[in-house]
Amino acid sequence: MVRWLAPAAMMVAIFWFSAQPFDGGELAWWEVAGRNLGHFTGYALLAAAWAWALAGKPRWWPALAAALSLAYAISDEYHQTFVEGRSGTWEDVVIDGLGIAAALVMIRIRSRRRRGSSEPHPVEA
């Protein structure tokens, strides 16, 4: 039951960052890059948290972790349409999706490398 706190905490953090108003000024390229990196990293961490929380439950937990993370990404972009100076964009959802995919691929690669050893599955540990 405690494992559900990890994705819940990530969703609260994402919601908080998304709720910050923006003055609408022009962003420098490094600010845009930083925001995109934040999207990618935040949703990679959310997917990893969901993977850890769901590991061993249904056999298809990676797909469920991806679906829950992507659904939250879409709902978060919608949420941003209500925040002053912010807007929801499909481009951000794509970046979020790339972060989700990267995290789950890395977890899959790591679990395949460890499968031959006596160590437990990395997400189940």
# chains A, B, ... in the order shown; residues from 1 in each chain; ligands from 1
>>> select_by_dssp(residues="chain A", states="alpha helix (DSSP H)", output="ChimeraX atom specification")
/A:5-18,29-54,61-80,90-114
>>> atom_distance(atom1="atom CA of A:Leu46", atom2="atom CA of A:Trp30")
23.7 Å
>>> residues_around(residues="stretch 33-36 of chain A", least_positions_apart="3", cutoff="10 Å", atoms="only C-alpha atoms", output="NGL selection string")
:A and (27-30 or 39-42 or 91-92 or 95-96)
>>> residues_around(residues="stretch 50-54 of chain A", least_positions_apart="5", cutoff="6 Å", atoms="only C-alpha atoms", output="VMD selection string")
chain A and resid 3 to 4 7 61 65 123
>>> write_last_selection(atoms="C-alpha atoms", output="compact mmCIF listing (two decimals), in the first residue's frame")
# COMPACT_ATOMS: atom_id res chain seq x y z
CA ARG A 3 4.09 2.06 -2.89
CA TRP A 4 1.10 4.13 -4.06
CA PRO A 7 3.16 8.13 -7.87
CA TRP A 61 1.85 -3.55 -15.39
CA ALA A 65 2.00 2.39 -15.78
CA VAL A 123 11.03 -2.65 -9.67
>>> atom_distance(atom1="atom CA of A:Trp16", atom2="atom CA of A:Leu45")
15.4 Å
>>> atom_distance(atom1="atom CA of A:Val93", atom2="atom CA of A:Ala6")
21.2 Å
>>> residues_around(residues="A:Ala67", least_positions_apart="5", cutoff="10 Å", atoms="only C-alpha atoms", output="list in words")
Ala47, Trp50, Trp61, Pro62, Tyr72, Ala73, Gly97 and Ile100 of chain A
>>> decode(residues="stretch 54-68 of chain A", atoms="N, CA and C atoms", output="PDB file, in the first residue's frame")
ATOM      1  N   LEU A  54       3.061  -0.739  -9.231  1.00  0.00           N
ATOM      2  CA  LEU A  54       2.256  -1.786  -9.868  1.00  0.00           C
ATOM      3  C   LEU A  54       3.002  -3.092 -10.104  1.00  0.00           C
ATOM      4  N   ALA A  55       4.294  -3.107  -9.903  1.00  0.00           N
ATOM      5  CA  ALA A  55       5.106  -4.285 -10.232  1.00  0.00           C
ATOM      6  C   ALA A  55       4.544  -5.540  -9.575  1.00  0.00           C
ATOM      7  N   GLY A  56       4.408  -6.573 -10.398  1.00  0.00           N
ATOM      8  CA  GLY A  56       3.946  -7.848  -9.905  1.00  0.00           C
ATOM      9  C   GLY A  56       2.437  -7.962  -9.773  1.00  0.00           C
ATOM     10  N   LYS A  57       1.709  -6.863  -9.955  1.00  0.00           N
ATOM     11  CA  LYS A  57       0.242  -6.927  -9.845  1.00  0.00           C
ATOM     12  C   LYS A  57      -0.292  -7.603 -11.103  1.00  0.00           C
ATOM     13  N   PRO A  58      -0.763  -6.882 -12.074  1.00  0.00           N
ATOM     14  CA  PRO A  58      -1.135  -7.561 -13.325  1.00  0.00           C
ATOM     15  C   PRO A  58       0.126  -7.823 -14.144  1.00  0.00           C
ATOM     16  N   ARG A  59       0.067  -8.813 -14.990  1.00  0.00           N
ATOM     17  CA  ARG A  59       1.216  -9.130 -15.830  1.00  0.00           C
ATOM     18  C   ARG A  59       1.550  -7.977 -16.773  1.00  0.00           C
ATOM     19  N   TRP A  60       0.584  -7.180 -17.093  1.00  0.00           N
ATOM     20  CA  TRP A  60       0.754  -6.071 -18.036  1.00  0.00           C
ATOM     21  C   TRP A  60       0.966  -4.744 -17.317  1.00  0.00           C
ATOM     22  N   TRP A  61       1.642  -4.777 -16.150  1.00  0.00           N
ATOM     23  CA  TRP A  61       1.852  -3.552 -15.387  1.00  0.00           C
ATOM     24  C   TRP A  61       2.600  -2.471 -16.151  1.00  0.00           C
ATOM     25  N   PRO A  62       3.543  -2.796 -17.065  1.00  0.00           N
ATOM     26  CA  PRO A  62       4.194  -1.686 -17.781  1.00  0.00           C
ATOM     27  C   PRO A  62       3.206  -0.878 -18.638  1.00  0.00           C
ATOM     28  N   ALA A  63       2.284  -1.565 -19.289  1.00  0.00           N
ATOM     29  CA  ALA A  63       1.284  -0.858 -20.096  1.00  0.00           C
ATOM     30  C   ALA A  63       0.373  -0.023 -19.210  1.00  0.00           C
ATOM     31  N   LEU A  64       0.013  -0.555 -18.051  1.00  0.00           N
ATOM     32  CA  LEU A  64      -0.835   0.195 -17.126  1.00  0.00           C
ATOM     33  C   LEU A  64      -0.088   1.417 -16.579  1.00  0.00           C
ATOM     34  N   ALA A  65       1.192   1.250 -16.248  1.00  0.00           N
ATOM     35  CA  ALA A  65       2.000   2.387 -15.780  1.00  0.00           C
ATOM     36  C   ALA A  65       2.067   3.468 -16.852  1.00  0.00           C
ATOM     37  N   ALA A  66       2.257   3.058 -18.102  1.00  0.00           N
ATOM     38  CA  ALA A  66       2.314   4.020 -19.210  1.00  0.00           C
ATOM     39  C   ALA A  66       0.969   4.711 -19.396  1.00  0.00           C
ATOM     40  N   ALA A  67      -0.112   3.943 -19.361  1.00  0.00           N
ATOM     41  CA  ALA A  67      -1.446   4.518 -19.570  1.00  0.00           C
ATOM     42  C   ALA A  67      -1.814   5.507 -18.468  1.00  0.00           C
ATOM     43  N   LEU A  68      -1.543   5.145 -17.218  1.00  0.00           N
ATOM     44  CA  LEU A  68      -1.849   6.058 -16.105  1.00  0.00           C
ATOM     45  C   LEU A  68      -1.027   7.338 -16.199  1.00  0.00           C
TER      46      LEU A  68
END
